[in-house]
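Q: Input file: input_28.cif. Contents: mmCIF, C-alpha atoms.
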```cif
data_my_file
#
loop_
_atom_site.group_PDB
_atom_site.id
_atom_site.type_symbol
_atom_site.label_atom_id
_atom_site.label_comp_id
_atom_site.auth_asym_id
_atom_site.auth_seq_id
_atom_site.Cartn_x
_atom_site.Cartn_y
_atom_site.Cartn_z
ATOM 1 C CA MET L 1 -11.575 2.938 24.343
ATOM 2 C CA LEU L 2 -12.490 2.053 20.753
ATOM 3 C CA TRP L 3 -9.153 3.288 19.433
ATOM 4 C CA TYR L 4 -7.320 1.320 22.106
ATOM 5 C CA LYS L 5 -9.230 -1.845 21.226
ATOM 6 C CA ALA L 6 -8.413 -1.363 17.530
ATOM 7 C CA TRP L 7 -4.760 -0.972 18.468
ATOM 8 C CA LEU L 8 -4.832 -4.160 20.547
ATOM 9 C CA ASP L 9 -6.401 -6.070 17.652
ATOM 10 C CA THR L 10 -3.653 -5.132 15.203
ATOM 11 C CA ARG L 11 -0.591 -4.180 17.233
ATOM 12 C CA TRP L 12 1.444 -7.348 16.598
ATOM 13 C CA ARG L 13 0.825 -7.182 12.850
ATOM 14 C CA PHE L 14 1.879 -3.546 12.853
ATOM 15 C CA LEU L 15 5.017 -4.149 14.920
ATOM 16 C CA ALA L 16 6.009 -7.142 12.798
ATOM 17 C CA GLY L 17 5.529 -5.119 9.610
ATOM 18 C CA LEU L 18 7.499 -2.204 11.031
ATOM 19 C CA LEU L 19 10.401 -4.448 11.997
ATOM 20 C CA ILE L 20 10.507 -6.318 8.676
ATOM 21 C CA LEU L 21 10.196 -3.237 6.450
ATOM 22 C CA ALA L 22 12.617 -1.095 8.466
ATOM 23 C CA CYS L 23 15.221 -3.859 8.617
ATOM 24 C CA GLY L 24 14.726 -4.528 4.915
ATOM 25 C CA ALA L 25 15.369 -0.888 4.029
ATOM 26 C CA ALA L 26 18.458 -0.804 6.258
ATOM 27 C CA THR L 27 19.784 -3.966 4.614
ATOM 28 C CA ILE L 28 19.358 -2.528 1.110
ATOM 29 C CA VAL L 29 21.264 0.615 2.086
ATOM 30 C CA SER L 30 24.097 -1.326 3.736
ATOM 31 C CA THR L 31 24.633 -3.614 0.724
ATOM 32 C CA TYR L 32 25.153 -0.806 -1.804
ATOM 33 C CA PRO L 33 28.963 -0.486 -1.365
ATOM 34 C CA LYS L 34 29.389 -4.241 -1.919
ATOM 35 C CA VAL L 35 27.174 -4.105 -5.001
ATOM 36 C CA VAL L 36 29.280 -1.279 -6.461
ATOM 37 C CA GLU L 37 32.453 -3.292 -5.907
ATOM 38 C CA LEU L 38 30.922 -6.382 -7.478
ATOM 39 C CA MET L 39 29.656 -4.537 -10.546
ATOM 40 C CA ALA L 40 33.044 -2.899 -11.078
ATOM 41 C CA SER L 41 34.664 -6.316 -11.272
ATOM 42 C CA LEU L 42 32.164 -7.778 -13.752
ATOM 43 C CA PRO L 43 32.884 -7.698 -17.510
ATOM 44 C CA ALA L 44 30.510 -5.811 -19.777
ATOM 45 C CA MET L 45 27.616 -7.919 -21.012
ATOM 46 C CA ASP L 46 26.231 -7.683 -24.529
ATOM 47 C CA SER L 47 23.261 -10.012 -24.354
ATOM 48 C CA GLY L 48 20.488 -9.539 -26.870
ATOM 49 C CA GLY L 49 16.746 -9.850 -26.556
ATOM 50 C CA ALA L 50 14.394 -8.820 -23.774
ATOM 51 C CA LEU L 51 16.438 -10.589 -21.093
ATOM 52 C CA GLY L 52 19.591 -8.798 -22.130
ATOM 53 C CA GLN L 53 17.780 -5.486 -22.078
ATOM 54 C CA ARG L 54 16.587 -6.117 -18.539
ATOM 55 C CA ILE L 55 20.074 -7.078 -17.417
ATOM 56 C CA ARG L 56 21.535 -3.910 -18.901
ATOM 57 C CA GLU L 57 18.807 -1.790 -17.321
ATOM 58 C CA ALA L 58 19.390 -3.362 -13.905
ATOM 59 C CA ALA L 59 23.127 -2.775 -14.236
ATOM 60 C CA ALA L 60 22.593 0.844 -15.262
ATOM 61 C CA LEU L 61 20.278 1.464 -12.330
ATOM 62 C CA GLY L 62 22.676 -0.175 -9.895
ATOM 63 C CA ARG L 63 25.568 2.112 -10.814
ATOM 64 C CA GLU L 64 23.778 5.125 -9.387
ATOM 65 C CA TYR L 65 22.625 5.168 -5.750
ATOM 66 C CA ARG L 66 19.157 6.569 -6.396
ATOM 67 C CA GLY L 67 18.588 4.029 -9.152
ATOM 68 C CA PHE L 68 19.827 1.204 -6.946
ATOM 69 C CA ILE L 69 17.451 2.166 -4.130
ATOM 70 C CA TRP L 70 14.481 2.326 -6.476
ATOM 71 C CA SER L 71 15.221 -0.924 -8.322
ATOM 72 C CA GLN L 72 16.117 -2.936 -5.221
ATOM 73 C CA TRP L 73 13.765 -1.393 -2.689
ATOM 74 C CA TRP L 74 10.812 0.661 -3.926
ATOM 75 C CA ARG L 75 10.089 -1.610 -6.871
ATOM 76 C CA GLN L 76 10.299 -4.798 -4.825
ATOM 77 C CA THR L 77 9.944 -5.130 -1.049
ATOM 78 C CA PRO L 78 7.262 -2.493 -0.279
ATOM 79 C CA THR L 79 5.120 -3.649 -3.198
ATOM 80 C CA GLN L 80 5.372 -7.261 -2.013
ATOM 81 C CA ILE L 81 5.804 -7.435 1.762
ATOM 82 C CA GLY L 82 4.095 -4.054 2.141
ATOM 83 C CA THR L 83 1.023 -5.304 0.305
ATOM 84 C CA LEU L 84 0.849 -8.322 2.614
ATOM 85 C CA PHE L 85 0.864 -6.138 5.717
ATOM 86 C CA ALA L 86 -1.675 -3.730 4.249
ATOM 87 C CA VAL L 87 -4.004 -6.722 3.850
ATOM 88 C CA LEU L 88 -3.153 -8.007 7.331
ATOM 89 C CA LEU L 89 -3.919 -4.645 8.934
ATOM 90 C CA GLY L 90 -7.308 -4.539 7.217
ATOM 91 C CA THR L 91 -8.225 -8.113 8.099
ATOM 92 C CA GLY L 92 -9.817 -9.247 11.329
ATOM 93 C CA GLY L 93 -10.557 -7.241 14.432
ATOM 94 C CA LEU L 94 -14.052 -5.999 15.158
ATOM 95 C CA VAL L 95 -15.808 -6.694 11.893
ATOM 96 C CA SER L 96 -14.544 -10.249 11.390
ATOM 97 C CA GLN L 97 -15.657 -11.556 14.748
ATOM 98 C CA SER L 98 -19.355 -12.248 14.336
ATOM 99 C CA SER L 99 -19.561 -14.214 17.549
ATOM 100 C CA GLY L 100 -18.023 -14.169 20.970
ATOM 101 C CA VAL L 101 -18.454 -12.266 24.212
ATOM 102 C CA ALA L 102 -15.966 -9.532 23.282
ATOM 103 C CA THR L 103 -17.739 -8.687 20.054
ATOM 104 C CA LEU L 104 -21.201 -8.721 21.630
ATOM 105 C CA PHE L 105 -19.946 -6.398 24.351
ATOM 106 C CA THR L 106 -18.453 -4.020 21.761
ATOM 107 C CA LEU L 107 -21.658 -3.965 19.733
ATOM 108 C CA SER L 108 -23.665 -3.232 22.888
ATOM 109 C CA LEU L 109 -21.738 -0.019 23.534
ATOM 110 C CA PRO L 110 -23.703 3.230 23.039
ATOM 111 C CA VAL L 111 -22.015 4.051 19.732
ATOM 112 C CA SER L 112 -23.159 3.532 16.173
ATOM 113 C CA ARG L 113 -21.794 0.793 13.973
ATOM 114 C CA ASN L 114 -20.549 3.446 11.581
ATOM 115 C CA ARG L 115 -18.412 4.862 14.371
ATOM 116 C CA LEU L 116 -17.139 1.403 15.295
ATOM 117 C CA LEU L 117 -16.093 0.728 11.724
ATOM 118 C CA ALA L 118 -14.680 4.215 11.239
ATOM 119 C CA THR L 119 -12.506 3.773 14.316
ATOM 120 C CA ARG L 120 -11.261 0.392 13.138
ATOM 121 C CA ALA L 121 -10.537 1.769 9.650
ATOM 122 C CA GLY L 122 -8.890 4.904 11.029
ATOM 123 C CA ALA L 123 -6.608 2.959 13.345
ATOM 124 C CA GLY L 124 -5.598 0.559 10.584
ATOM 125 C CA LEU L 125 -4.919 3.347 8.100
ATOM 126 C CA ALA L 126 -2.842 5.209 10.689
ATOM 127 C CA GLU L 127 -0.756 2.082 11.228
ATOM 128 C CA TRP L 128 -0.356 1.542 7.489
ATOM 129 C CA PHE L 129 0.723 5.173 7.054
ATOM 130 C CA ALA L 130 3.267 4.747 9.855
ATOM 131 C CA LEU L 131 4.664 1.631 8.169
ATOM 132 C CA ALA L 132 5.003 3.432 4.832
ATOM 133 C CA LEU L 133 6.537 6.581 6.332
ATOM 134 C CA ILE L 134 8.963 5.071 8.843
ATOM 135 C CA SER L 135 10.335 2.417 6.493
ATOM 136 C CA SER L 136 10.794 5.086 3.806
ATOM 137 C CA MET L 137 12.644 7.468 6.111
ATOM 138 C CA VAL L 138 15.136 4.764 7.058
ATOM 139 C CA ILE L 139 16.805 5.252 3.665
ATOM 140 C CA PRO L 140 17.738 8.975 3.880
ATOM 141 C CA LEU L 141 18.627 8.592 7.559
ATOM 142 C CA LEU L 142 21.070 5.699 7.013
ATOM 143 C CA SER L 143 22.509 6.745 3.648
ATOM 144 C CA PRO L 144 25.227 9.024 5.162
ATOM 145 C CA ALA L 145 26.605 5.960 7.000
ATOM 146 C CA ILE L 146 27.816 4.567 3.648
ATOM 147 C CA GLY L 147 28.874 7.932 2.243
ATOM 148 C CA GLN L 148 25.720 8.508 0.182
ATOM 149 C CA THR L 149 22.806 10.924 0.306
ATOM 150 C CA TYR L 150 19.158 10.373 -0.473
ATOM 151 C CA SER L 151 16.609 13.150 -0.722
ATOM 152 C CA ILE L 152 14.091 13.309 2.112
ATOM 153 C CA TRP L 153 11.619 14.734 -0.404
ATOM 154 C CA SER L 154 12.018 11.655 -2.599
ATOM 155 C CA ALA L 155 11.505 9.388 0.396
ATOM 156 C CA LEU L 156 8.329 11.266 1.353
ATOM 157 C CA VAL L 157 6.936 11.061 -2.183
ATOM 158 C CA HIS L 158 7.609 7.337 -2.339
ATOM 159 C CA ALA L 159 6.002 6.931 1.086
ATOM 160 C CA LEU L 160 2.909 8.746 -0.204
ATOM 161 C CA CYS L 161 2.733 6.520 -3.286
ATOM 162 C CA LEU L 162 3.172 3.403 -1.155
ATOM 163 C CA PHE L 163 0.497 4.504 1.297
ATOM 164 C CA MET L 164 -2.117 5.583 -1.248
ATOM 165 C CA ALA L 165 -1.822 2.513 -3.478
ATOM 166 C CA GLY L 166 -1.521 0.154 -0.512
ATOM 167 C CA THR L 167 -4.697 1.593 0.981
ATOM 168 C CA VAL L 168 -6.603 -0.159 -1.814
ATOM 169 C CA PHE L 169 -5.528 -3.535 -0.415
ATOM 170 C CA PHE L 170 -6.267 -2.443 3.145
ATOM 171 C CA SER L 171 -9.762 -1.312 2.178
ATOM 172 C CA LEU L 172 -10.409 -4.524 0.254
ATOM 173 C CA ALA L 173 -9.421 -6.620 3.272
ATOM 174 C CA LEU L 174 -11.650 -4.550 5.556
ATOM 175 C CA LEU L 175 -14.567 -4.915 3.152
ATOM 176 C CA LEU L 176 -14.089 -8.674 2.957
ATOM 177 C CA SER L 177 -13.954 -8.814 6.752
ATOM 178 C CA THR L 178 -17.496 -7.441 6.883
ATOM 179 C CA VAL L 179 -18.607 -10.270 4.606
ATOM 180 C CA PHE L 180 -16.781 -13.237 6.165
ATOM 181 C CA SER L 181 -16.627 -14.027 9.861
ATOM 182 C CA ASP L 182 -13.153 -15.593 9.889
ATOM 183 C CA LEU L 183 -9.645 -14.234 9.482
ATOM 184 C CA TRP L 184 -8.325 -16.444 6.711
ATOM 185 C CA ARG L 185 -10.761 -15.920 3.862
ATOM 186 C CA PRO L 186 -10.317 -12.124 3.729
ATOM 187 C CA LEU L 187 -6.554 -12.579 4.035
ATOM 188 C CA LEU L 188 -6.283 -15.190 1.286
ATOM 189 C CA MET L 189 -8.706 -13.400 -1.021
ATOM 190 C CA GLY L 190 -6.900 -10.092 -0.560
ATOM 191 C CA CYS L 191 -3.549 -11.701 -1.378
ATOM 192 C CA GLY L 192 -5.146 -13.491 -4.329
ATOM 193 C CA VAL L 193 -6.389 -10.203 -5.759
ATOM 194 C CA ALA L 194 -2.904 -8.723 -5.327
ATOM 195 C CA LEU L 195 -1.354 -11.626 -7.238
ATOM 196 C CA ALA L 196 -3.935 -11.287 -10.007
ATOM 197 C CA LEU L 197 -3.231 -7.561 -10.333
ATOM 198 C CA ALA L 198 0.510 -8.224 -10.432
ATOM 199 C CA SER L 199 0.013 -10.735 -13.257
ATOM 200 C CA PHE L 200 -2.199 -8.295 -15.145
ATOM 201 C CA GLU L 201 0.389 -5.547 -14.729
ATOM 202 C CA MET L 202 3.015 -7.683 -16.444
ATOM 203 C CA VAL L 203 0.785 -7.714 -19.531
ATOM 204 C CA VAL L 204 0.010 -3.976 -19.678
ATOM 205 C CA ARG L 205 3.214 -2.679 -18.103
ATOM 206 C CA ASP L 206 4.449 -0.899 -21.227
ATOM 207 C CA THR L 207 1.086 0.630 -22.147
ATOM 208 C CA TRP L 208 -0.294 2.130 -18.923
ATOM 209 C CA PRO L 209 1.874 3.955 -16.355
ATOM 210 C CA TYR L 210 -0.799 4.080 -13.644
ATOM 211 C CA THR L 211 -1.224 0.415 -12.747
ATOM 212 C CA LEU L 212 -1.518 -0.084 -9.008
ATOM 213 C CA PHE L 213 1.931 -1.520 -8.365
ATOM 214 C CA ARG L 214 3.649 1.027 -10.605
ATOM 215 C CA VAL L 215 1.980 3.755 -8.582
ATOM 216 C CA MET L 216 2.951 1.951 -5.400
ATOM 217 C CA SER L 217 6.619 1.888 -6.429
ATOM 218 C CA GLY L 218 6.592 5.548 -7.488
ATOM 219 C CA GLU L 219 8.021 4.614 -10.906
ATOM 220 C CA LEU L 220 6.693 7.700 -12.681
ATOM 221 C CA PHE L 221 8.235 9.976 -10.052
ATOM 222 C CA PHE L 222 11.542 8.135 -10.245
ATOM 223 C CA ARG L 223 11.767 8.330 -14.042
ATOM 224 C CA THR L 224 10.278 11.766 -14.700
ATOM 225 C CA GLY L 225 10.088 13.607 -11.369
ATOM 226 C CA ARG L 226 6.294 13.910 -11.698
ATOM 227 C CA LEU L 227 3.833 12.524 -9.185
ATOM 228 C CA PRO L 228 1.394 9.916 -10.541
ATOM 229 C CA TRP L 229 -1.655 12.042 -9.762
ATOM 230 C CA VAL L 230 -4.011 9.893 -11.836
ATOM 231 C CA GLY L 231 -2.936 6.786 -9.983
ATOM 232 C CA LEU L 232 -3.045 8.475 -6.575
ATOM 233 C CA PHE L 233 -6.550 9.881 -7.061
ATOM 234 C CA SER L 234 -7.773 6.613 -8.547
ATOM 235 C CA SER L 235 -6.413 4.694 -5.552
ATOM 236 C CA ALA L 236 -8.079 7.124 -3.169
ATOM 237 C CA ALA L 237 -11.413 6.841 -4.989
ATOM 238 C CA ILE L 238 -11.336 3.039 -5.073
ATOM 239 C CA SER L 239 -10.387 2.872 -1.395
ATOM 240 C CA ALA L 240 -13.153 5.301 -0.409
ATOM 241 C CA ALA L 241 -15.723 3.286 -2.359
ATOM 242 C CA MET L 242 -14.718 0.031 -0.669
ATOM 243 C CA LEU L 243 -14.720 1.632 2.787
ATOM 244 C CA TYR L 244 -18.210 2.975 2.102
ATOM 245 C CA LEU L 245 -19.402 -0.485 1.050
ATOM 246 C CA ALA L 246 -17.831 -1.928 4.186
ATOM 247 C CA ALA L 247 -19.739 0.573 6.335
ATOM 248 C CA VAL L 248 -23.013 -0.210 4.584
ATOM 249 C CA ASN L 249 -22.525 -3.962 4.899
ATOM 250 C CA PHE L 250 -21.487 -3.747 8.564
ATOM 251 C CA ALA L 251 -24.489 -1.561 9.411
ATOM 252 C CA ARG L 252 -26.895 -4.048 7.812
ATOM 253 C CA ARG L 253 -25.278 -7.220 9.130
ATOM 254 C CA ASP L 254 -27.249 -9.249 11.664
ATOM 255 C CA PHE L 255 -25.075 -10.215 14.588
#
```
Would you mind giving the structure from this file in structure tokens?

A:
Amino acid sequence: MLWYKAWLDTRWRFLAGLLILACGAATIVSTYPKVVELMASLPAMDSGGALGQRIREAAALGREYRGFIWSQWWRQTPTQIGTLFAVLLGTGGLVSQSSGVATLFTLSLPVSRNRLLATRAGAGLAEWFALALISSMVIPLLSPAIGQTYSIWSALVHALCLFMAGTVFFSLALLLSTVFSDLWRPLLMGCGVALALASFEMVVRDTWPYTLFRVMSGELFFRTGRLPWVGLFSSAAISAAMLYLAAVNFARRDF
């Protein structure tokens, strides 16, 4: 019953995220042949400075299918739209409704508040994992349709990186939902933190390879073939700490 209620609370967010991310991945795959044709017709560019370097890097990545998928998909859509849906899945539901007949009935059930929160967190994390995994597997499944191949192992590693780093935003939203009784403040604050981290990453991008969004995009794995273990374990530790704080706050809260 508790799992079913958690599913009902978040099902439309999950289904919307699944549709958007899966369609986005399919669109990126389908546009690769056109991108190759376009790049073949463009003259070589010899721009100087940082902008020129970025243009040359983007062009170099786009000439190879694996590089194109990483630069146009893993580095962009999952770290942006995916972050939004991680926050959405963690926001609202049981812990954000401090009033109302439905919430009072749920709290009157013969189960502990820790179990209520654990069920809500477990259901949300399962949905977030499904979003990360299914959208990632779209790429190797559709690649043969355009005459390309993409490693299932690479897709699974990127899905793991997306899930682990994105769990930080999910856990933050769940924690904020035990503090505020509405939907919008946890959502806006979670997105605000994501924007702040993205701005900070632009400053330290060349000095630290384990920033949250770099882990989320699987950049270290793409460039070196190594998993970002430091970033993955750090994300897991931060998420666990915030989920623990959420449980403590929910248990102490006076409804």

Q: Any chance you could resolve the PyMOL selection byres ((chain L and resi 129) around 12) against this file and give the residues as a PyMOL selection string?

A: chain L and resi 14+17-18+82+85-86+89+122-128+130-136+156+158-167+170

Q: Running the PyMOL selection byres ((chain L and resi 205-216) around 6) on this model by hand, what would come out? Give it as JSON, numbers by chain.

A: {"L": [161, 162, 165, 201, 202, 203, 204, 217, 218, 219, 231]}

Q: Which one of L:Ala196, L:Leu188, L:Ile81, L:Ile69 sits closest to L:Leu176 if you count all atoms listed in the file?

A: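 Of L:Ala196, L:Leu188, L:Ile81, L:Ile69, the one nearest L:Leu176 is L:Leu188, counting all atoms listed in the file.
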
Q: Within 7 Å of L:Pro140, counting all atoms listed in the file, which residues qualify if same-chain residues fewer than 5 places away don't, as a list in words?

A: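 Everything that qualifies: Thr149, Tyr150, Ser151 and Ile152 of chain L.
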
Q: Atom CA of L:Ser234 to atom CA of L:Gln72: how many Å, to one decimal?

A: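 Separation between atom CA of L:Ser234 and atom CA of L:Gln72: 25.9 Å.
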
Q: Show me as a list in words the residues that reach within 9 Å of (27.9, -0.5, -6.9), counting all atoms listed in the file and using the file's own coordinates.

A: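 Nearby residues: Thr31, Tyr32, Pro33, Lys34, Val35, Val36, Glu37, Leu38, Met39, Ala40, Gly62, Arg63, Glu64, Tyr65 and Phe68 of chain L.
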